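Novice: Contents of structure_37.cif (mmCIF, C-alpha atoms and all ligand atoms):
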data_entry
loop_
_atom_site.label_atom_id
_atom_site.label_comp_id
_atom_site.auth_asym_id
_atom_site.auth_seq_id
_atom_site.Cartn_x
_atom_site.Cartn_y
_atom_site.Cartn_z
CA MET A 732 0.00 0.00 0.00
CA SER A 733 1.39 3.40 -0.94
CA THR A 734 2.05 6.08 1.63
CA ILE A 735 -0.45 8.34 -0.09
CA LYS A 736 -3.21 5.76 0.05
CA ARG A 737 -2.49 5.05 3.70
CA HIS A 738 -2.63 8.76 4.40
CA MET A 739 -6.00 9.04 2.69
CA GLU A 740 -7.48 6.20 4.69
CA ASP A 741 -6.12 7.80 7.81
CA MET A 742 -7.86 11.05 6.89
CA GLU A 743 -11.12 9.25 6.21
CA GLY A 744 -11.00 7.71 9.66
CA LYS A 745 -10.41 11.09 11.24
CA GLU A 746 -13.17 12.69 9.23
CA ALA A 747 -15.57 9.93 10.25
CA ILE A 748 -14.74 10.48 13.92
CA ALA A 749 -15.08 14.26 13.63
CA LEU A 750 -18.34 13.89 11.72
CA GLN A 751 -19.77 11.56 14.36
CA LEU A 752 -18.80 14.05 17.05
CA ALA A 753 -20.43 16.88 15.10
CA ILE A 754 -23.65 14.87 15.05
CA ASP A 755 -23.42 13.88 18.72
CA GLU A 756 -22.93 17.53 19.65
CA GLU A 757 -25.78 18.62 17.34
CA LEU A 758 -23.44 20.74 15.27
CA LEU A 759 -24.70 18.87 12.21
CA GLU A 760 -27.81 16.81 11.68
CA SER A 761 -28.08 13.75 9.51
CA CYS A 762 -31.25 13.26 7.44
CA GLU A 763 -32.89 10.02 8.49
CA TYR A 764 -34.21 9.46 4.96
CA HIS A 765 -31.27 10.48 2.81
CA GLY A 766 -28.20 10.29 5.04
CA THR A 767 -27.25 13.81 4.02
CA TYR A 768 -25.74 16.25 6.52
CA TYR A 769 -26.91 19.76 7.22
CA ASP A 770 -26.67 22.42 9.91
CA ALA A 771 -29.93 22.72 11.85
CA ARG A 772 -28.38 25.71 13.68
CA ALA A 773 -28.82 23.94 17.03
CA THR A 774 -25.39 25.06 18.18
CA ASP A 775 -22.38 26.80 16.70
CA LEU A 776 -18.92 25.65 15.76
CA GLU A 777 -17.14 27.77 18.40
CA SER A 778 -19.18 26.32 21.29
CA VAL A 779 -18.50 22.77 20.16
CA ILE A 780 -14.78 23.46 19.74
CA GLU A 781 -14.59 24.96 23.24
CA LYS A 782 -16.46 22.03 24.73
CA VAL A 783 -14.26 19.46 23.03
CA GLN A 784 -11.09 21.34 23.91
CA ASP A 785 -11.92 21.06 27.62
CA GLY A 786 -12.34 17.29 27.44
CA PHE A 787 -9.84 16.44 24.71
CA GLN A 788 -7.08 15.04 26.93
CA ASN A 789 -9.53 12.73 28.70
CA ASN A 790 -11.26 11.56 25.55
CA SER A 791 -9.33 8.46 24.53
CA ARG A 792 -11.15 8.11 21.23
CA LEU A 793 -10.12 11.61 20.19
CA ASN A 794 -6.62 11.75 21.58
CA SER A 795 -5.71 8.35 20.14
CA SER A 796 -6.99 9.34 16.68
CA PHE A 797 -5.63 12.88 16.46
CA SER A 798 -2.09 13.91 17.24
CA SER A 799 -3.26 17.17 18.80
CA PHE A 800 -6.35 19.18 19.56
CA ASP A 801 -5.39 21.57 16.74
CA GLU A 802 -5.42 18.71 14.24
CA PHE A 803 -8.87 17.66 15.42
CA LYS A 804 -10.09 21.25 15.21
CA GLU A 805 -8.85 21.57 11.63
CA VAL A 806 -10.69 18.40 10.54
CA LEU A 807 -13.88 19.41 12.36
CA GLU A 808 -13.84 22.89 10.81
CA SER A 809 -13.34 21.46 7.36
CA ILE A 810 -16.22 19.01 7.79
CA TYR A 811 -18.48 21.67 9.20
CA HIS A 812 -17.78 24.02 6.31
CA ASP A 813 -18.51 21.23 3.84
CA HIS A 814 -21.98 20.69 5.28
CA SER A 815 -23.09 23.93 6.91
CA GLY A 816 -24.49 25.58 3.78
CA LEU A 817 -27.95 24.09 4.28
CA ASP A 818 -30.16 24.33 7.35
CA LYS A 819 -32.22 21.34 6.27
CA CYS A 820 -31.81 18.33 4.03
CA GLY A 821 -31.73 19.57 0.40
CA LEU A 822 -33.39 16.40 -0.92
CA CYS A 823 -36.23 16.62 1.62
CA SER A 824 -36.77 20.31 0.75
CA GLU A 825 -36.99 19.50 -2.97
CA ARG A 826 -39.62 16.87 -2.32
CA GLY A 827 -41.51 18.99 0.19
CA LEU A 828 -41.13 16.42 2.96
ZN ZN A 901 -33.66 14.21 3.51
#
The structure given in the file should be rewritten as structure tokens.

Specialist:
Amino acid sequence: MSTIKRHMEDMEGKEAIALQLAIDEELLESCEYHGTYYDARATDLESVIEKVQDGFQNNSRLNSSFSSFDEFKEVLESIYHDHSGLDKCGLCSERGL
């Protein structure tokens, strides 16, 4: 396996963990029908980052997956910006659900 491929899989794992955290913290919502992600505006990115920063050292899942809090923050911010454009599922809106 090439170094690049291994790096990409590593990133996917980190993104999956950050995405799950974003959902757990209600930063993003996942549509139960379409599996799409959107920002229901239940909380904001800064509050979630502050909350996670406080518990980062004691969160074994996070501190074993990310080399530092800053790395986690970068991945979370990138994921949030990818999905925060919509405040509801685009597919549901189109179909009037
Ligand atoms: Zn939907």

Novice: Counting all atoms listed in the file, select every polymer residue within 12 Å of (-18.9, 12.2, 16.8) as defined in the file's coordinates, and provide the selection as a list of chain:residue names.

Specialist: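 The residues near that point, listed by chain and number, are A:Gly744, A:Lys745, A:Glu746, A:Ala747, A:Ile748, A:Ala749, A:Leu750, A:Gln751, A:Leu752, A:Ala753, A:Ile754, A:Asp755, A:Glu756, A:Glu757, A:Leu758, A:Leu759, A:Glu760, A:Ser761, A:Val779, A:Val783, A:Asn790, A:Arg792, A:Leu793, A:Phe803, A:Leu807, A:Ile810.
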
Novice: Could you save those same residues with C-alpha atoms as an mmCIF file, in the coordinates of the input?

Specialist:
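selection-v2.cif, written as the output of this step:
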data_model
loop_
_atom_site.group_PDB
_atom_site.id
_atom_site.type_symbol
_atom_site.label_atom_id
_atom_site.label_comp_id
_atom_site.auth_asym_id
_atom_site.auth_seq_id
_atom_site.Cartn_x
_atom_site.Cartn_y
_atom_site.Cartn_z
ATOM 1 C CA GLY A 744 -11.000 7.710 9.660
ATOM 2 C CA LYS A 745 -10.410 11.090 11.240
ATOM 3 C CA GLU A 746 -13.170 12.690 9.230
ATOM 4 C CA ALA A 747 -15.570 9.930 10.250
ATOM 5 C CA ILE A 748 -14.740 10.480 13.920
ATOM 6 C CA ALA A 749 -15.080 14.260 13.630
ATOM 7 C CA LEU A 750 -18.340 13.890 11.720
ATOM 8 C CA GLN A 751 -19.770 11.560 14.360
ATOM 9 C CA LEU A 752 -18.800 14.050 17.050
ATOM 10 C CA ALA A 753 -20.430 16.880 15.100
ATOM 11 C CA ILE A 754 -23.650 14.870 15.050
ATOM 12 C CA ASP A 755 -23.420 13.880 18.720
ATOM 13 C CA GLU A 756 -22.930 17.530 19.650
ATOM 14 C CA GLU A 757 -25.780 18.620 17.340
ATOM 15 C CA LEU A 758 -23.440 20.740 15.270
ATOM 16 C CA LEU A 759 -24.700 18.870 12.210
ATOM 17 C CA GLU A 760 -27.810 16.810 11.680
ATOM 18 C CA SER A 761 -28.080 13.750 9.510
ATOM 19 C CA VAL A 779 -18.500 22.770 20.160
ATOM 20 C CA VAL A 783 -14.260 19.460 23.030
ATOM 21 C CA ASN A 790 -11.260 11.560 25.550
ATOM 22 C CA ARG A 792 -11.150 8.110 21.230
ATOM 23 C CA LEU A 793 -10.120 11.610 20.190
ATOM 24 C CA PHE A 803 -8.870 17.660 15.420
ATOM 25 C CA LEU A 807 -13.880 19.410 12.360
ATOM 26 C CA ILE A 810 -16.220 19.010 7.790
#

Novice: Identify, counting all atoms listed in the file, the protein, DNA and RNA residues located within 6 Å of ligand ZN 901 (chain A), and give them as a VMD selection string.

Specialist: chain A and resid 762 764 to 765 820 822 to 823

Novice: Can you work out the spacing between atom CA of Glu825 of chain A and atom CA of Glu743 of chain A in Å, to one decimal?

Specialist: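 So the two atoms, atom CA of Glu825 of chain A and atom CA of Glu743 of chain A, lie 29.3 Å apart.
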
Novice: Compare A:Asp770, A:Met742, A:Gly827, A:Lys736 by their minimum atom-to-atom distance to Phe797 of chain A, counting all atoms listed in the file, and give me the closest one.

Specialist: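 Once distances to Phe797 of chain A are computed over all atoms listed in the file, the minimum belongs to A:Met742.
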
Novice: What is the distance, in Å and to one decimal place, between atom CA of Glu808 of chain A and atom CA of Leu776 of chain A?

Specialist: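 Between atom CA of Glu808 of chain A and atom CA of Leu776 of chain A the gap is 7.6 Å.
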
Novice: What's the separation between atom CA of Ser791 of chain A and atom CA of Thr774 of chain A, in Å to one decimal place?

Specialist: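 Rounded to one decimal, the two atoms are 24.0 Å apart.
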